[in-house]
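Peer 1: One file is attached below, target31.pdb, containing PDB, C-alpha atoms, pLDDT in the B column.
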```pdb
ATOM      1  CA  ALA A  95     109.628  98.901  97.098  1.00 53.00           C
ATOM      2  CA  ASN A  96     112.913 100.570  98.138  1.00 60.00           C
ATOM      3  CA  ASP A  97     112.151 104.011  96.683  1.00 56.00           C
ATOM      4  CA  LYS A  98     112.861 106.889  99.073  1.00 67.00           C
ATOM      5  CA  HIS A  99     109.521 108.518  98.157  1.00 77.00           C
ATOM      6  CA  ILE A 100     106.611 107.190 100.209  1.00 85.00           C
ATOM      7  CA  MET A 101     103.935 107.383  97.507  1.00 87.00           C
ATOM      8  CA  CYS A 102     106.154 105.492  95.083  1.00 88.00           C
ATOM      9  CA  ARG A 103     106.452 102.687  97.621  1.00 89.00           C
ATOM     10  CA  VAL A 104     102.682 102.716  98.164  1.00 91.00           C
ATOM     11  CA  ARG A 105     102.061 102.465  94.412  1.00 92.00           C
ATOM     12  CA  ALA A 106     104.679  99.723  94.100  1.00 91.00           C
ATOM     13  CA  ALA A 107     102.900  97.642  96.752  1.00 91.00           C
ATOM     14  CA  GLU A 108      99.586  98.219  94.991  1.00 92.00           C
ATOM     15  CA  GLY A 109     101.055  97.284  91.599  1.00 93.00           C
ATOM     16  CA  LEU A 110     102.341  93.932  92.837  1.00 92.00           C
ATOM     17  CA  ALA A 111      98.745  92.674  93.035  1.00 92.00           C
ATOM     18  CA  GLN A 112      98.989  91.615  89.394  1.00 94.00           C
ATOM     19  CA  TYR A 113     101.809  89.212  90.302  1.00 91.00           C
ATOM     20  CA  ASP A 114      99.793  87.219  92.823  1.00 91.00           C
ATOM     21  CA  GLU A 115     101.512  83.945  91.933  1.00 92.00           C
ATOM     22  CA  ASP A 116     105.059  85.318  91.949  1.00 94.00           C
ATOM     23  CA  GLU A 117     107.243  84.328  94.904  1.00 96.00           C
ATOM     24  CA  ASP A 118     109.473  87.409  94.579  1.00 95.00           C
ATOM     25  CA  ALA A 119     106.433  89.697  94.692  1.00 96.00           C
ATOM     26  CA  LEU A 120     105.150  87.835  97.737  1.00 97.00           C
ATOM     27  CA  ALA A 121     108.502  88.180  99.480  1.00 96.00           C
ATOM     28  CA  ALA A 122     108.717  91.914  98.679  1.00 95.00           C
ATOM     29  CA  LEU A 123     105.259  92.537 100.080  1.00 97.00           C
ATOM     30  CA  GLY A 124     106.015  90.541 103.200  1.00 97.00           C
ATOM     31  CA  GLN A 125     109.158  92.573 103.779  1.00 96.00           C
ATOM     32  CA  ALA A 126     107.288  95.852 103.231  1.00 96.00           C
ATOM     33  CA  LEU A 127     104.571  94.796 105.646  1.00 97.00           C
ATOM     34  CA  ARG A 128     107.119  93.907 108.307  1.00 97.00           C
ATOM     35  CA  ASN A 129     109.690  96.636 107.885  1.00 95.00           C
ATOM     36  CA  ASP A 130     108.530  99.747 106.040  1.00 95.00           C
ATOM     37  CA  LYS A 131     108.695 102.749 108.355  1.00 94.00           C
ATOM     38  CA  PHE A 132     105.601 104.442 106.960  1.00 94.00           C
ATOM     39  CA  TRP A 133     102.229 102.976 107.920  1.00 96.00           C
ATOM     40  CA  ALA A 134     100.526 103.719 104.577  1.00 96.00           C
ATOM     41  CA  VAL A 135     103.034 101.507 102.768  1.00 96.00           C
ATOM     42  CA  ARG A 136     102.478  98.697 105.261  1.00 97.00           C
ATOM     43  CA  ARG A 137      98.721  99.079 104.916  1.00 97.00           C
ATOM     44  CA  GLU A 138      98.895  98.830 101.126  1.00 97.00           C
ATOM     45  CA  ALA A 139     101.170  95.793 101.401  1.00 97.00           C
ATOM     46  CA  ALA A 140      98.595  94.109 103.646  1.00 98.00           C
ATOM     47  CA  LYS A 141      95.788  94.939 101.233  1.00 97.00           C
ATOM     48  CA  THR A 142      97.736  93.504  98.302  1.00 97.00           C
ATOM     49  CA  LEU A 143      98.754  90.371 100.205  1.00 98.00           C
ATOM     50  CA  GLY A 144      95.058  89.686 100.664  1.00 97.00           C
ATOM     51  CA  LYS A 145      94.916  88.972  96.923  1.00 96.00           C
ATOM     52  CA  PHE A 146      97.605  86.295  97.161  1.00 97.00           C
ATOM     53  CA  LYS A 147      97.143  82.703  98.277  1.00 96.00           C
ATOM     54  CA  GLY A 148      99.030  80.296 100.495  1.00 96.00           C
ATOM     55  CA  ASP A 149     100.608  79.978 103.906  1.00 97.00           C
ATOM     56  CA  LYS A 150     103.266  82.669 103.488  1.00 97.00           C
ATOM     57  CA  ALA A 151     100.770  85.413 102.664  1.00 98.00           C
ATOM     58  CA  ARG A 152      98.431  84.279 105.427  1.00 98.00           C
ATOM     59  CA  ASP A 153     101.201  84.110 108.025  1.00 98.00           C
ATOM     60  CA  ALA A 154     102.454  87.592 107.125  1.00 98.00           C
ATOM     61  CA  LEU A 155      98.953  88.994 107.548  1.00 98.00           C
ATOM     62  CA  ILE A 156      98.426  87.198 110.848  1.00 98.00           C
ATOM     63  CA  ALA A 157     101.678  88.650 112.181  1.00 98.00           C
ATOM     64  CA  ALA A 158     100.678  92.173 111.132  1.00 98.00           C
ATOM     65  CA  SER A 159      97.168  91.800 112.542  1.00 98.00           C
ATOM     66  CA  ALA A 160      98.645  91.014 115.929  1.00 98.00           C
ATOM     67  CA  SER A 161     101.665  93.257 116.176  1.00 97.00           C
ATOM     68  CA  ASP A 162     101.635  96.314 113.904  1.00 98.00           C
ATOM     69  CA  ALA A 163     101.623  99.499 115.969  1.00 97.00           C
ATOM     70  CA  LYS A 164      99.182 101.265 113.639  1.00 98.00           C
ATOM     71  CA  SER A 165      95.537 100.240 113.834  1.00 98.00           C
ATOM     72  CA  PHE A 166      95.096 101.252 110.179  1.00 98.00           C
ATOM     73  CA  VAL A 167      97.589  98.536 109.194  1.00 98.00           C
ATOM     74  CA  ARG A 168      96.134  95.952 111.557  1.00 98.00           C
ATOM     75  CA  ARG A 169      92.661  96.619 110.215  1.00 98.00           C
ATOM     76  CA  GLU A 170      93.758  96.093 106.610  1.00 98.00           C
ATOM     77  CA  ALA A 171      95.550  92.874 107.553  1.00 98.00           C
ATOM     78  CA  ILE A 172      92.491  91.669 109.470  1.00 98.00           C
ATOM     79  CA  LYS A 173      90.213  92.449 106.543  1.00 98.00           C
ATOM     80  CA  ALA A 174      92.565  90.621 104.163  1.00 98.00           C
ATOM     81  CA  LEU A 175      92.504  87.546 106.406  1.00 98.00           C
ATOM     82  CA  GLY A 176      88.866  87.190 105.456  1.00 98.00           C
ATOM     83  CA  ASN A 177      90.192  85.672 102.209  1.00 98.00           C
ATOM     84  CA  PHE A 178      92.122  82.886 103.986  1.00 98.00           C
ATOM     85  CA  LYS A 179      89.969  80.075 105.369  1.00 97.00           C
ATOM     86  CA  HIS A 180      92.178  78.139 107.761  1.00 98.00           C
ATOM     87  CA  ALA A 181      92.240  77.109 111.421  1.00 98.00           C
ATOM     88  CA  THR A 182      95.142  79.461 112.160  1.00 98.00           C
ATOM     89  CA  THR A 183      93.184  82.328 110.596  1.00 98.00           C
ATOM     90  CA  ASN A 184      90.237  81.537 112.840  1.00 98.00           C
ATOM     91  CA  ASP A 185      92.473  81.593 115.925  1.00 98.00           C
ATOM     92  CA  ALA A 186      94.114  84.860 114.889  1.00 98.00           C
ATOM     93  CA  LEU A 187      90.797  86.587 114.276  1.00 98.00           C
ATOM     94  CA  ARG A 188      89.392  85.401 117.589  1.00 98.00           C
ATOM     95  CA  ALA A 189      92.453  86.878 119.273  1.00 98.00           C
ATOM     96  CA  VAL A 190      91.794  90.190 117.510  1.00 98.00           C
ATOM     97  CA  VAL A 191      88.175  90.230 118.639  1.00 98.00           C
ATOM     98  CA  ALA A 192      89.177  89.438 122.214  1.00 98.00           C
ATOM     99  CA  LYS A 193      92.248  91.645 122.633  1.00 97.00           C
ATOM    100  CA  ASP A 194      92.758  94.367 120.024  1.00 98.00           C
ATOM    101  CA  PRO A 195      92.585  97.840 121.633  1.00 97.00           C
ATOM    102  CA  SER A 196      91.038  99.390 118.503  1.00 98.00           C
ATOM    103  CA  TYR A 197      87.270  99.087 118.268  1.00 98.00           C
ATOM    104  CA  TYR A 198      87.514  99.437 114.501  1.00 98.00           C
ATOM    105  CA  ALA A 199      89.948  96.506 114.371  1.00 98.00           C
ATOM    106  CA  VAL A 200      87.578  94.428 116.492  1.00 98.00           C
ATOM    107  CA  ALA A 201      84.748  95.259 114.104  1.00 98.00           C
ATOM    108  CA  GLU A 202      86.895  94.173 111.145  1.00 98.00           C
ATOM    109  CA  GLY A 203      87.769  91.010 113.064  1.00 98.00           C
ATOM    110  CA  LEU A 204      84.121  90.104 113.529  1.00 98.00           C
ATOM    111  CA  GLN A 205      83.378  90.646 109.853  1.00 98.00           C
ATOM    112  CA  ALA A 206      86.371  88.596 108.712  1.00 98.00           C
ATOM    113  CA  LEU A 207      85.609  85.815 111.204  1.00 98.00           C
ATOM    114  CA  GLU A 208      82.107  85.460 109.815  1.00 98.00           C
ATOM    115  CA  LYS A 209      83.586  85.016 106.337  1.00 98.00           C
ATOM    116  CA  VAL A 210      86.129  82.332 107.253  1.00 98.00           C
ATOM    117  CA  ASP A 211      84.330  80.493 110.069  1.00 98.00           C
ATOM    118  CA  HIS A 212      80.660  81.165 109.346  1.00 98.00           C
ATOM    119  CA  ASP A 213      79.266  78.080 111.075  1.00 97.00           C
ATOM    120  CA  SER A 214      81.152  78.524 114.348  1.00 98.00           C
ATOM    121  CA  CYS A 215      81.326  82.254 115.054  1.00 98.00           C
ATOM    122  CA  GLU A 216      77.930  82.963 116.608  1.00 98.00           C
ATOM    123  CA  ALA A 217      79.275  83.067 120.171  1.00 98.00           C
ATOM    124  CA  GLU A 218      81.779  85.844 119.384  1.00 98.00           C
ATOM    125  CA  HIS A 219      79.121  87.928 117.659  1.00 98.00           C
ATOM    126  CA  LEU A 220      76.612  87.476 120.466  1.00 98.00           C
ATOM    127  CA  ALA A 221      79.216  88.485 123.052  1.00 98.00           C
ATOM    128  CA  ALA A 222      80.074  91.596 121.028  1.00 98.00           C
ATOM    129  CA  LEU A 223      76.495  92.870 121.389  1.00 98.00           C
ATOM    130  CA  ASN A 224      77.541  94.039 124.863  1.00 97.00           C
ATOM    131  CA  THR A 225      80.687  95.872 123.758  1.00 97.00           C
ATOM    132  CA  MET A 226      80.586  99.650 123.988  1.00 96.00           C
ATOM    133  CA  SER A 227      82.554 101.390 121.242  1.00 96.00           C
ATOM    134  CA  HIS A 228      82.946 104.636 119.339  1.00 93.00           C
ATOM    135  CA  ARG A 229      79.944 105.177 117.061  1.00 92.00           C
ATOM    136  CA  ASP A 230      78.794 101.657 118.047  1.00 95.00           C
ATOM    137  CA  GLU A 231      81.114 100.194 115.404  1.00 97.00           C
ATOM    138  CA  VAL A 232      81.505  96.864 117.219  1.00 98.00           C
ATOM    139  CA  LEU A 233      77.773  96.576 117.810  1.00 97.00           C
ATOM    140  CA  LYS A 234      77.038  97.218 114.136  1.00 96.00           C
ATOM    141  CA  ALA A 235      79.576  94.593 113.059  1.00 98.00           C
ATOM    142  CA  ALA A 236      78.152  92.084 115.532  1.00 98.00           C
ATOM    143  CA  ILE A 237      74.621  92.655 114.284  1.00 97.00           C
ATOM    144  CA  GLY A 238      75.742  92.423 110.662  1.00 97.00           C
ATOM    145  CA  GLY A 239      77.278  89.026 111.314  1.00 98.00           C
ATOM    146  CA  LEU A 240      74.289  87.767 113.281  1.00 98.00           C
ATOM    147  CA  VAL A 241      71.951  88.764 110.457  1.00 96.00           C
ATOM    148  CA  LYS A 242      74.064  86.722 108.033  1.00 96.00           C
ATOM    149  CA  LEU A 243      73.977  83.842 110.500  1.00 97.00           C
ATOM    150  CA  LYS A 244      70.182  84.188 110.824  1.00 94.00           C
ATOM    151  CA  SER A 245      70.691  83.875 114.565  1.00 96.00           C
ATOM    152  CA  ALA A 246      67.547  83.119 116.533  1.00 93.00           C
ATOM    153  CA  GLU A 247      69.421  83.693 119.804  1.00 96.00           C
ATOM    154  CA  ALA A 248      70.313  87.215 118.672  1.00 96.00           C
ATOM    155  CA  ARG A 249      66.638  88.145 118.542  1.00 93.00           C
ATOM    156  CA  SER A 250      66.121  87.400 122.222  1.00 94.00           C
ATOM    157  CA  ARG A 251      69.461  88.941 123.231  1.00 96.00           C
ATOM    158  CA  ILE A 252      68.718  92.213 121.441  1.00 94.00           C
ATOM    159  CA  SER A 253      65.171  92.317 122.800  1.00 92.00           C
ATOM    160  CA  LYS A 254      66.593  91.964 126.304  1.00 94.00           C
ATOM    161  CA  LEU A 255      69.149  94.707 125.714  1.00 93.00           C
ATOM    162  CA  LEU A 256      66.398  97.055 124.565  1.00 91.00           C
ATOM    163  CA  GLU A 257      64.836  96.765 128.029  1.00 90.00           C
ATOM    164  CA  GLY A 258      67.904  98.406 129.580  1.00 90.00           C
ATOM    165  CA  ASP A 259      69.178 101.959 129.914  1.00 92.00           C
ATOM    166  CA  LEU A 260      70.689 102.899 126.529  1.00 91.00           C
ATOM    167  CA  THR A 261      71.845 105.979 124.700  1.00 92.00           C
ATOM    168  CA  PRO A 262      69.369 106.980 121.975  1.00 90.00           C
ATOM    169  CA  GLU A 263      72.002 106.203 119.318  1.00 91.00           C
ATOM    170  CA  ARG A 264      72.666 102.705 120.648  1.00 94.00           C
ATOM    171  CA  ARG A 265      68.959 102.030 120.987  1.00 92.00           C
ATOM    172  CA  VAL A 266      68.278 102.815 117.349  1.00 91.00           C
ATOM    173  CA  VAL A 267      71.145 100.563 116.227  1.00 92.00           C
ATOM    174  CA  LEU A 268      69.659  97.713 118.266  1.00 93.00           C
ATOM    175  CA  ILE A 269      66.151  98.341 116.950  1.00 93.00           C
ATOM    176  CA  GLY A 270      67.545  98.371 113.421  1.00 92.00           C
ATOM    177  CA  GLY A 271      69.309  95.085 114.062  1.00 92.00           C
ATOM    178  CA  LEU A 272      66.162  93.495 115.408  1.00 92.00           C
ATOM    179  CA  ALA A 273      64.254  94.722 112.358  1.00 91.00           C
ATOM    180  CA  ARG A 274      66.809  93.042 110.077  1.00 92.00           C
ATOM    181  CA  LEU A 275      66.509  89.826 112.075  1.00 92.00           C
ATOM    182  CA  LYS A 276      62.700  90.015 112.166  1.00 89.00           C
ATOM    183  CA  PRO A 277      61.641  91.881 109.002  1.00 88.00           C
ATOM    184  CA  GLU A 278      58.176  90.365 109.257  1.00 88.00           C
ATOM    185  CA  ASP A 279      57.560  92.044 112.648  1.00 86.00           C
ATOM    186  CA  ALA A 280      55.494  95.162 111.912  1.00 89.00           C
ATOM    187  CA  GLU A 281      55.843  96.475 115.478  1.00 88.00           C
ATOM    188  CA  ILE A 282      59.631  96.542 115.264  1.00 88.00           C
ATOM    189  CA  ILE A 283      59.527  98.269 111.877  1.00 88.00           C
ATOM    190  CA  THR A 284      57.184 100.876 113.362  1.00 90.00           C
ATOM    191  CA  GLN A 285      59.558 101.467 116.288  1.00 87.00           C
ATOM    192  CA  LEU A 286      62.364 102.020 113.826  1.00 84.00           C
ATOM    193  CA  HIS A 287      60.388 104.533 111.788  1.00 88.00           C
ATOM    194  CA  GLU A 288      59.443 106.403 114.988  1.00 88.00           C
ATOM    195  CA  GLN A 289      63.160 107.161 115.508  1.00 87.00           C
ATOM    196  CA  LEU A 290      62.978 109.459 112.474  1.00 88.00           C
ATOM    197  CA  ASP A 291      61.195 111.997 114.707  1.00 88.00           C
ATOM    198  CA  ASN A 292      63.958 112.018 117.328  1.00 86.00           C
ATOM    199  CA  ASP A 293      65.424 115.429 118.170  1.00 87.00           C
ATOM    200  CA  ARG A 294      68.981 114.183 117.731  1.00 87.00           C
ATOM    201  CA  THR A 295      70.480 114.287 114.259  1.00 91.00           C
ATOM    202  CA  THR A 296      72.702 111.312 115.033  1.00 87.00           C
ATOM    203  CA  VAL A 297      69.684 109.199 115.974  1.00 86.00           C
ATOM    204  CA  ARG A 298      67.778 110.159 112.839  1.00 90.00           C
ATOM    205  CA  ARG A 299      70.843 109.371 110.712  1.00 87.00           C
ATOM    206  CA  LYS A 300      71.229 105.932 112.313  1.00 85.00           C
ATOM    207  CA  ALA A 301      67.518 105.284 111.831  1.00 85.00           C
ATOM    208  CA  ILE A 302      67.771 106.097 108.124  1.00 90.00           C
ATOM    209  CA  GLU A 303      70.810 103.815 107.792  1.00 86.00           C
ATOM    210  CA  ALA A 304      68.939 101.009 109.552  1.00 84.00           C
ATOM    211  CA  ILE A 305      65.824 101.423 107.407  1.00 86.00           C
ATOM    212  CA  VAL A 306      67.923 101.229 104.246  1.00 86.00           C
ATOM    213  CA  GLU A 307      69.539  97.991 105.493  1.00 85.00           C
ATOM    214  CA  VAL A 308      66.160  96.420 106.267  1.00 80.00           C
TER     215      VAL A 308
END
```
Could you write out this structure as structure tokens?

Peer 2:
Amino acid sequence: ANDKHIMCRVRAAEGLAQYDEDEDALAALGQALRNDKFWAVRREAAKTLGKFKGDKARDALIAASASDAKSFVRREAIKALGNFKHATTNDALRAVVAKDPSYYAVAEGLQALEKVDHDSCEAEHLAALNTMSHRDEVLKAAIGGLVKLKSAEARSRISKLLEGDLTPERRVVLIGGLARLKPEDAEIITQLHEQLDNDRTTVRRKAIEAIVEV
């Protein structure tokens, strides 16, 4: 963990996963996550800590999810928190969804929140349907969670959104989400297949992705 070569430190953090009940390994990973100067080492430490159990591992990940300067590290810590069901985890993930400046981190936060607080996270996912983000990453995460929740409210919310002025790419993501929520609705499935004739490559690609998910 103290090697001067970055890749050696990355591999060391990865290798500590096999010692997931060892307090010294836990302490070393926590220190690397807090203090290593290179973000890839911190990211690997966060990933490995996700395989540990207990308050110390969870608290280290919560701290990184809130304060690490690199979104790559925060995202890995957020993802790892999906393995720690606890009230403090729920609070930390809700803070990520509400405040993190990285859309990709917010998307990870929604996915992790669904894992640890499945029965009480519908409101956050419904609210995220209105979030604009690069490549609609937040929207896709919100829809993914709402499908797992089998949300009836999401059907009406998405239908309402489809009545508005949308980019073609966002429209196809919403149609795909509605198709996953209402797979028995032949009209929605037809609308989704019609997107395959769109002039834009990005729209056709999103339509194919949505059809595969349905």

Peer 1: Which is closest to Glu216 in chain A among A:Ala236, A:Ala151, A:Cys102, A:Leu255, if we use all atoms listed in the file?

Peer 2: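 Closest to Glu216 in chain A, using all atoms listed in the file: A:Ala236.
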
Peer 1: Report as number ranges by chain all protein, DNA and RNA residues lying within 9 Å of Lys300 in chain A, evaluated on only C-alpha atoms, omitting residues in the same chain fewer than 4 positions from it.

Peer 2: A: 263, 266-267, 270, 289-290, 295-296, 304-305

Peer 1: Please expand the PyMOL selection byres ((chain A and resi 119) around 12) into the concrete residues it hits in this file, giving the result as a list in words.

Peer 2: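 On the file shown, the PyMOL selection byres ((chain A and resi 119) around 12) covers Ala95, Ala106, Ala107, Glu108, Gly109, Leu110, Ala111, Gln112, Tyr113, Asp114, Glu115, Asp116, Glu117, Asp118, Leu120, Ala121, Ala122, Leu123, Gly124, Gln125, Ala126, Ala139, Thr142, Leu143, Lys145, Phe146, Lys150 and Ala151 of chain A.
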
Peer 1: Expand the PyMOL selection byres ((chain A and resi 261) around 12) into the explicit residue set it covers here, and present it as a short mmCIF file (atom, residue, chain, number, x, y, z; two decimals) with C-alpha atoms, in the frame of the given file.

Peer 2:
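New file out-v1.cif:
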```cif
data_model
loop_
_atom_site.label_atom_id
_atom_site.label_comp_id
_atom_site.auth_asym_id
_atom_site.auth_seq_id
_atom_site.Cartn_x
_atom_site.Cartn_y
_atom_site.Cartn_z
CA MET A 226 80.59 99.65 123.99
CA ARG A 229 79.94 105.18 117.06
CA ASP A 230 78.79 101.66 118.05
CA LEU A 255 69.15 94.71 125.71
CA LEU A 256 66.40 97.06 124.56
CA GLY A 258 67.90 98.41 129.58
CA ASP A 259 69.18 101.96 129.91
CA LEU A 260 70.69 102.90 126.53
CA PRO A 262 69.37 106.98 121.98
CA GLU A 263 72.00 106.20 119.32
CA ARG A 264 72.67 102.70 120.65
CA ARG A 265 68.96 102.03 120.99
CA VAL A 266 68.28 102.82 117.35
CA VAL A 267 71.14 100.56 116.23
CA LEU A 268 69.66 97.71 118.27
CA ARG A 294 68.98 114.18 117.73
CA THR A 296 72.70 111.31 115.03
CA VAL A 297 69.68 109.20 115.97
#
```

Peer 1: Evaluate the PyMOL selection byres ((chain A and resi 205) around 9) on the structure here and hand back the selected residues as a ChimeraX atom specification.

Peer 2: /A:173,176,200-204,206-209,235-236,238-239

Peer 1: Would you mind putting N, CA and C atoms back on range 172-190 of chain A and writing the result as a PDB file, keeping the file's coordinate frame?

Peer 2:
```
ATOM      1  N   ILE A 172      93.642  92.435 108.973  1.00 98.00           N
ATOM      2  CA  ILE A 172      92.491  91.669 109.470  1.00 98.00           C
ATOM      3  C   ILE A 172      91.466  91.466 108.360  1.00 98.00           C
ATOM      4  N   LYS A 173      91.165  92.542 107.656  1.00 98.00           N
ATOM      5  CA  LYS A 173      90.213  92.449 106.543  1.00 98.00           C
ATOM      6  C   LYS A 173      90.704  91.456 105.491  1.00 98.00           C
ATOM      7  N   ALA A 174      91.991  91.518 105.168  1.00 98.00           N
ATOM      8  CA  ALA A 174      92.565  90.621 104.163  1.00 98.00           C
ATOM      9  C   ALA A 174      92.494  89.164 104.607  1.00 98.00           C
ATOM     10  N   LEU A 175      92.576  88.922 105.904  1.00 98.00           N
ATOM     11  CA  LEU A 175      92.504  87.546 106.406  1.00 98.00           C
ATOM     12  C   LEU A 175      91.146  86.910 106.137  1.00 98.00           C
ATOM     13  N   GLY A 176      90.169  87.720 105.839  1.00 98.00           N
ATOM     14  CA  GLY A 176      88.866  87.190 105.456  1.00 98.00           C
ATOM     15  C   GLY A 176      88.899  86.391 104.169  1.00 98.00           C
ATOM     16  N   ASN A 177      90.028  86.446 103.445  1.00 98.00           N
ATOM     17  CA  ASN A 177      90.192  85.672 102.209  1.00 98.00           C
ATOM     18  C   ASN A 177      90.936  84.358 102.433  1.00 98.00           C
ATOM     19  N   PHE A 178      91.288  84.056 103.695  1.00 98.00           N
ATOM     20  CA  PHE A 178      92.122  82.886 103.986  1.00 98.00           C
ATOM     21  C   PHE A 178      91.420  81.960 104.979  1.00 98.00           C
ATOM     22  N   LYS A 179      90.645  81.029 104.485  1.00 97.00           N
ATOM     23  CA  LYS A 179      89.969  80.075 105.369  1.00 97.00           C
ATOM     24  C   LYS A 179      90.978  79.044 105.871  1.00 97.00           C
ATOM     25  N   HIS A 180      91.210  79.062 107.167  1.00 98.00           N
ATOM     26  CA  HIS A 180      92.178  78.139 107.761  1.00 98.00           C
ATOM     27  C   HIS A 180      92.025  78.213 109.273  1.00 98.00           C
ATOM     28  N   ALA A 181      92.369  77.131 109.965  1.00 98.00           N
ATOM     29  CA  ALA A 181      92.240  77.109 111.421  1.00 98.00           C
ATOM     30  C   ALA A 181      93.086  78.188 112.081  1.00 98.00           C
ATOM     31  N   THR A 182      94.288  78.434 111.558  1.00 98.00           N
ATOM     32  CA  THR A 182      95.142  79.461 112.160  1.00 98.00           C
ATOM     33  C   THR A 182      94.557  80.856 111.950  1.00 98.00           C
ATOM     34  N   THR A 183      93.875  81.055 110.828  1.00 98.00           N
ATOM     35  CA  THR A 183      93.184  82.328 110.596  1.00 98.00           C
ATOM     36  C   THR A 183      92.086  82.517 111.628  1.00 98.00           C
ATOM     37  N   ASN A 184      91.321  81.465 111.858  1.00 98.00           N
ATOM     38  CA  ASN A 184      90.237  81.537 112.840  1.00 98.00           C
ATOM     39  C   ASN A 184      90.773  81.931 114.211  1.00 98.00           C
ATOM     40  N   ASP A 185      91.875  81.295 114.623  1.00 98.00           N
ATOM     41  CA  ASP A 185      92.473  81.593 115.925  1.00 98.00           C
ATOM     42  C   ASP A 185      92.955  83.042 115.990  1.00 98.00           C
ATOM     43  N   ALA A 186      93.585  83.496 114.918  1.00 98.00           N
ATOM     44  CA  ALA A 186      94.114  84.860 114.889  1.00 98.00           C
ATOM     45  C   ALA A 186      92.991  85.889 114.978  1.00 98.00           C
ATOM     46  N   LEU A 187      91.913  85.648 114.263  1.00 98.00           N
ATOM     47  CA  LEU A 187      90.797  86.587 114.276  1.00 98.00           C
ATOM     48  C   LEU A 187      90.083  86.591 115.619  1.00 98.00           C
ATOM     49  N   ARG A 188      89.993  85.436 116.245  1.00 98.00           N
ATOM     50  CA  ARG A 188      89.392  85.401 117.589  1.00 98.00           C
ATOM     51  C   ARG A 188      90.258  86.174 118.585  1.00 98.00           C
ATOM     52  N   ALA A 189      91.555  86.108 118.410  1.00 98.00           N
ATOM     53  CA  ALA A 189      92.453  86.878 119.273  1.00 98.00           C
ATOM     54  C   ALA A 189      92.256  88.375 119.059  1.00 98.00           C
ATOM     55  N   VAL A 190      92.063  88.781 117.824  1.00 98.00           N
ATOM     56  CA  VAL A 190      91.794  90.190 117.510  1.00 98.00           C
ATOM     57  C   VAL A 190      90.518  90.648 118.211  1.00 98.00           C
TER      58      VAL A 190
END
```
